[in-house]
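The structure file input02.cif is reproduced below (mmCIF, C-alpha atoms and all ligand atoms).
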data_work
#
loop_
_atom_site.label_atom_id
_atom_site.label_comp_id
_atom_site.auth_asym_id
_atom_site.auth_seq_id
_atom_site.Cartn_x
_atom_site.Cartn_y
_atom_site.Cartn_z
CA MET A 1 63.48 105.37 102.22
CA SER A 2 62.28 106.42 105.67
CA ASP A 3 60.35 109.65 106.06
CA PRO A 4 62.88 112.19 107.47
CA THR A 5 60.07 114.24 109.05
CA ALA A 6 58.67 111.32 111.05
CA ALA A 7 61.26 111.56 113.83
CA ALA A 8 60.63 115.28 114.15
CA ASP A 9 56.86 114.67 114.36
CA ALA A 10 57.39 112.18 117.17
CA THR A 11 59.37 114.70 119.21
CA ALA A 12 57.30 117.80 118.37
CA PHE A 13 55.89 117.92 121.91
CA HIS A 14 58.82 116.68 123.94
CA ARG A 15 59.97 120.05 125.29
CA LEU A 16 56.52 121.46 126.03
CA PRO A 17 55.70 122.32 129.62
CA SER A 18 52.57 121.15 131.40
CA PRO A 19 49.67 122.00 131.26
CA ALA A 20 50.12 123.33 127.70
CA ALA A 21 51.27 119.90 126.46
CA ASP A 22 48.07 118.23 127.72
CA VAL A 23 45.86 120.91 126.15
CA LEU A 24 47.66 120.61 122.79
CA GLU A 25 47.38 116.83 122.90
CA ARG A 26 43.62 117.11 123.47
CA LEU A 27 43.16 119.72 120.71
CA TYR A 28 45.20 117.74 118.17
CA ALA A 29 43.11 114.64 118.95
CA GLU A 30 39.93 116.67 118.31
CA ASP A 31 41.35 118.00 115.04
CA ALA A 32 42.22 114.45 113.93
CA ARG A 33 38.70 113.24 114.78
CA GLN A 34 37.15 116.06 112.74
CA ARG A 35 39.35 115.22 109.72
CA ALA A 36 38.67 111.46 110.05
CA ALA A 37 34.93 112.18 110.14
CA GLY A 38 35.27 114.12 106.87
CA LEU A 39 33.73 117.29 108.27
CA PRO A 40 33.77 120.25 105.86
CA PRO A 41 36.45 122.89 106.54
CA ASP A 42 34.05 125.39 108.11
CA GLN A 43 33.15 122.80 110.77
CA ARG A 44 36.77 121.96 111.58
CA THR A 45 39.29 123.77 113.73
CA ARG A 46 41.94 123.46 110.96
CA ASN A 47 44.91 123.65 113.33
CA VAL A 48 48.54 124.01 112.27
CA ASP A 49 50.52 120.78 112.18
CA PRO A 50 52.72 120.08 115.24
CA ASN A 51 55.96 120.78 113.38
CA THR A 52 54.57 124.08 112.11
CA GLY A 53 53.67 124.98 115.69
CA ARG A 54 57.14 124.02 116.85
CA PHE A 55 58.64 126.09 114.03
CA LEU A 56 56.54 129.14 115.00
CA GLY A 57 57.72 128.86 118.59
CA THR A 58 61.35 128.35 117.56
CA ILE A 59 61.39 131.37 115.25
CA ALA A 60 59.63 133.53 117.85
CA ARG A 61 62.29 132.54 120.40
CA SER A 62 65.11 133.11 117.88
CA ILE A 63 64.18 136.74 117.38
CA GLY A 64 63.14 137.25 121.02
CA ALA A 65 59.66 138.21 119.83
CA ARG A 66 57.74 140.13 122.48
CA ALA A 67 54.89 141.60 120.42
CA ILE A 68 53.16 138.88 118.39
CA VAL A 69 49.89 139.04 116.44
CA GLU A 70 48.09 136.08 114.95
CA ILE A 71 45.51 136.44 112.19
CA GLY A 72 43.11 133.47 112.33
CA SER A 73 43.41 131.80 115.74
CA SER A 74 40.60 129.23 115.59
CA ASN A 75 40.63 127.43 118.98
CA ALA A 76 44.19 128.62 119.76
CA VAL A 77 46.49 125.72 118.86
CA SER A 78 49.00 127.96 117.06
CA THR A 79 48.36 130.66 119.68
CA ILE A 80 49.56 128.26 122.37
CA TRP A 81 52.80 127.51 120.50
CA LEU A 82 53.43 131.25 120.06
CA ALA A 83 52.40 132.11 123.62
CA LEU A 84 54.89 129.65 125.12
CA ALA A 85 57.67 131.48 123.26
CA ALA A 86 56.30 134.92 124.15
CA ARG A 87 56.18 133.97 127.84
CA ASP A 88 59.89 133.08 127.75
CA SER A 89 60.69 136.43 126.07
CA GLY A 90 58.51 138.45 128.47
CA GLY A 91 56.11 139.29 125.64
CA SER A 92 52.53 138.59 124.65
CA VAL A 93 50.29 137.43 121.81
CA VAL A 94 47.14 139.04 120.44
CA GLY A 95 45.16 136.48 118.47
CA THR A 96 42.22 137.29 116.22
CA GLU A 97 39.24 135.09 115.38
CA LEU A 98 36.20 135.98 113.27
CA LEU A 99 33.82 133.48 114.95
CA PRO A 100 32.90 134.62 118.48
CA GLU A 101 32.20 131.09 119.76
CA ARG A 102 35.59 129.91 118.51
CA ALA A 103 37.31 132.91 120.07
CA ALA A 104 35.65 132.03 123.40
CA GLU A 105 36.87 128.45 123.03
CA ALA A 106 40.36 129.75 122.21
CA ASN A 107 40.48 131.86 125.37
CA ALA A 108 39.27 128.91 127.47
CA ASN A 109 42.03 126.76 125.96
CA LEU A 110 44.64 129.44 126.68
CA ALA A 111 43.47 129.56 130.29
CA ALA A 112 43.60 125.76 130.56
CA ALA A 113 47.16 125.88 129.16
CA GLY A 114 48.16 128.40 131.84
CA LEU A 115 48.69 131.12 129.23
CA ALA A 116 45.80 133.53 129.85
CA GLU A 117 48.23 136.15 131.17
CA VAL A 118 50.32 135.96 128.01
CA ALA A 119 47.80 135.62 125.19
CA ARG A 120 44.23 136.50 124.36
CA VAL A 121 42.13 135.98 121.26
CA VAL A 122 40.01 138.95 120.23
CA PRO A 123 36.72 138.09 118.49
CA GLY A 124 35.98 139.82 115.18
CA ASP A 125 37.64 140.63 111.88
CA ALA A 126 41.43 140.75 112.15
CA ARG A 127 41.57 144.06 110.29
CA ALA A 128 39.36 145.70 112.92
CA THR A 129 41.61 144.36 115.68
CA LEU A 130 44.78 145.44 113.85
CA SER A 131 43.41 148.97 113.61
CA THR A 132 43.34 149.14 117.43
CA LEU A 133 47.03 148.15 117.80
CA SER A 134 49.89 150.60 117.77
CA GLY A 135 52.89 148.31 117.28
CA PRO A 136 55.75 147.92 116.70
CA LEU A 137 55.20 144.19 116.25
CA ASP A 138 57.98 141.61 116.07
CA LEU A 139 56.06 138.77 114.46
CA VAL A 140 52.77 138.31 112.61
CA PHE A 141 51.36 134.87 111.85
CA LEU A 142 48.85 134.71 108.98
CA ASP A 143 46.46 131.75 108.99
CA ALA A 144 42.95 133.04 108.14
CA GLU A 145 41.18 132.59 104.79
CA LYS A 146 43.69 132.39 101.97
CA ASP A 147 41.91 134.94 99.71
CA ASP A 148 42.42 137.53 102.46
CA TYR A 149 46.19 137.09 102.91
CA ILE A 150 47.08 140.15 100.81
CA GLY A 151 44.66 142.43 102.66
CA HIS A 152 45.77 141.11 106.04
CA PHE A 153 49.43 141.51 105.11
CA GLU A 154 48.88 145.10 103.96
CA ALA A 155 47.05 145.91 107.21
CA ALA A 156 49.79 144.33 109.36
CA LEU A 157 52.97 145.49 107.62
CA PRO A 158 52.86 149.14 108.83
CA LEU A 159 52.74 147.83 112.42
CA LEU A 160 55.73 145.53 111.97
CA ARG A 161 59.19 146.71 113.01
CA HIS A 162 62.09 146.56 110.56
CA GLY A 163 63.57 143.10 110.93
CA GLY A 164 60.17 141.76 111.96
CA LEU A 165 58.62 138.70 110.34
CA VAL A 166 55.36 137.75 108.68
CA LEU A 167 54.90 133.98 108.58
CA ALA A 168 52.02 132.68 106.45
CA ASP A 169 50.78 129.08 106.54
CA ASN A 170 49.45 126.91 103.66
CA VAL A 171 51.49 128.40 100.81
CA VAL A 172 52.23 124.92 99.43
CA SER A 173 48.91 123.19 100.21
CA HIS A 174 46.91 126.07 98.65
CA ASP A 175 47.38 128.32 95.64
CA LEU A 176 48.80 131.45 97.23
CA SER A 177 50.69 132.53 94.11
CA ALA A 178 49.00 135.96 94.09
CA TYR A 179 50.18 136.54 97.67
CA GLN A 180 53.69 135.36 96.82
CA ALA A 181 53.82 137.45 93.62
CA MET A 182 52.79 140.53 95.62
CA LEU A 183 55.64 139.86 98.08
CA HIS A 184 58.21 139.33 95.30
CA ALA A 185 57.20 142.63 93.66
CA ARG A 186 57.90 144.64 96.83
CA ASP A 187 61.31 146.09 97.61
CA ASP A 188 60.66 146.49 101.34
CA VAL A 189 60.54 142.76 102.14
CA GLU A 190 62.58 139.64 101.51
CA THR A 191 60.58 136.44 101.24
CA ILE A 192 61.21 132.72 100.94
CA THR A 193 58.94 129.67 100.82
CA LEU A 194 59.74 126.98 103.38
CA PRO A 195 58.53 123.43 102.64
CA ILE A 196 57.47 122.71 106.22
CA ASP A 197 54.19 120.77 106.50
CA ARG A 198 51.66 122.73 104.37
CA GLY A 199 54.26 125.34 103.39
CA ILE A 200 55.23 128.52 105.23
CA GLU A 201 56.03 131.84 103.56
CA TYR A 202 58.77 133.48 105.62
CA THR A 203 58.83 137.23 104.98
CA LEU A 204 61.28 139.68 106.51
CA LYS A 205 60.52 143.42 106.66
CA LEU A 206 63.68 145.13 105.48
CA ALA A 207 65.19 148.23 106.98
CA PRO A 208 64.93 151.32 104.73
CA TYR A 209 67.46 151.17 101.92
CA TYR A 210 70.35 153.60 102.04
CA ALA A 211 71.84 154.18 98.60
CA PRO A 212 75.62 153.69 98.69
CA THR A 213 77.65 156.87 98.31
CA THR A 214 81.29 157.19 97.22
CA GLU A 215 82.23 157.97 100.85
CA ARG A 216 80.64 154.74 102.03
CA THR A 217 81.93 152.52 99.22
CA ALA A 218 84.60 150.11 100.44
CA GLN A 219 88.04 150.86 98.97
CA PRO A 220 90.48 148.12 97.99
C1 LIG B 1 43.04 127.74 109.47
S1 LIG B 1 42.08 128.31 110.78
C2 LIG B 1 43.29 128.87 111.94
C3 LIG B 1 43.95 127.75 112.70
C4 LIG B 1 44.80 128.27 113.86
N1 LIG B 1 45.84 129.15 113.39
C5 LIG B 1 45.41 127.10 114.60
O1 LIG B 1 46.45 126.60 114.20
O2 LIG B 1 44.81 126.67 115.59
C6 LIG B 1 41.50 129.85 110.16
C7 LIG B 1 40.64 130.64 111.15
O3 LIG B 1 40.61 132.00 110.70
C8 LIG B 1 39.36 132.54 111.04
N2 LIG B 1 39.15 133.74 110.20
C9 LIG B 1 38.75 133.79 108.91
N3 LIG B 1 38.70 135.06 108.47
C10 LIG B 1 39.11 135.84 109.52
C11 LIG B 1 39.27 137.24 109.70
N4 LIG B 1 39.01 138.09 108.70
N5 LIG B 1 39.67 137.69 110.90
C12 LIG B 1 39.93 136.82 111.92
N6 LIG B 1 39.79 135.48 111.80
C13 LIG B 1 39.39 134.99 110.62
C14 LIG B 1 38.39 131.40 110.76
O4 LIG B 1 37.16 131.58 111.44
C15 LIG B 1 39.19 130.18 111.22
O5 LIG B 1 38.88 129.84 112.56
#

How does this structure look as structure tokens?
Amino acid sequence: MSDPTAAADATAFHRLPSPAADVLERLYAEDARQRAAGLPPDQRTRNVDPNTGRFLGTIARSIGARAIVEIGSSNAVSTIWLALAARDSGGSVVGTELLPERAAEANANLAAAGLAEVARVVPGDARATLSTLSGPLDLVFLDAEKDDYIGHFEAALPLLRHGGLVLADNVVSHDLSAYQAMLHARDDVETITLPIDRGIEYTLKLAPYYAPTTERTAQP
């Protein structure tokens, strides 16, 4: 049976404008070289797969996201996908990256992609950067170290508007059961695991719950 995702992979870039398409093509080639060389994870850029990037941009466009934060930007591959959507919505992206040299590389790549006006990657710990933001945010993308997902989620959720989304990568490729169990135990979010590439946890921040009253109960 043919792989149903192969056709989507082949067209992942076909709607991307220049020069972002050229920059992504170069960065994906670098990522592939690093993987083929068997470099350890801390020496790789560990970029999202093309379909995950396309999914991030599609969801951001669907909700008209204008205020986007990314936790773990590396050299800005996922930032570019999000920034293209933010530019169309008149919004912006704040990326975060622990390693200063990688953050500098990310900002150079954003500039090369023509997106410096729309997105910037702030060097340092994401939690420090989050503490400087006031929100409300429309979309948060989680892609830093997996052991930190719960802490990053808890730091980001108060900034997220009701109806906003937290998307977290690698929930199928890695054991993120503690993160998922934490989400399932909360009554202020709805969450579902999407089997796209390495697995994306799609979490919606719910509006405050209003208990039904007799006046508001529908009558037959
Ligand atoms: C999987 S990579 C991100 C890939 C990126 N989203 C992309 O698709 O291009 C994870 C990155 O998170 C960064 N990171 C780890 N802990 C962090 C933290 N506490 N705050 C900000 N960045 C962090 C790492 O240095 C690494 O570059």

Notebook entry, point to check: Within 6 Å of ligand LIG 1 (chain B), counting all atoms listed in the file: which residues, as an MDAnalysis selection string?
Noted result: chainID A and resid 46:48 71:78 96:99 124:126 143:145

Check: Hey, can you pull every residue with an atom no more than 12 Å from (58.4, 138.1, 128.8), using all atoms listed in the file, and send it as a count of residues only?
Finding: 22

Check: Nearest to Tyr149 in chain A among A:His184, A:His162, A:Arg127, A:Arg198, with distances taken over only C-alpha atoms: which residue is it?
Finding: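 Closest candidate: A:Arg127.
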
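For range 49-54 of chain A, the list of residues within 8 Å, based on only C-alpha atoms and with local chain neighbours fewer than 6 positions off taken out, reads Ala8, Asp9, Ala12, Phe13, Val77, Ser78, Trp81, Leu82, Ile196 and Asp197 of chain A.
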
Margin query: Taking only C-alpha atoms into account, name the residue in A:Arg15, A:Arg102, A:Lys205, A:Arg26 that is nearest to Val140 in chain A.
Written below: A:Lys205

Item checked: d(CA of Asp147 in chain A, CA of Asn107 in chain A) in Å -> 25.9 Å

Next item on the list: Around the point (43.7, 145.8, 105.5) in the file's coordinates, collect all residues with an atom within 12 Å, using all atoms listed in the file, and return them as a PyMOL selection string.
Entry: chain A and resi 71+125-131+148-159

Notebook entry, point to check: Which residue gives the smallest distance to Tyr202 in chain A among A:Val94, A:Ala20, A:Leu139, A:Ala108, with all atoms listed in the file counted?
Noted result: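 Smallest distance to Tyr202 in chain A is found for A:Leu139.
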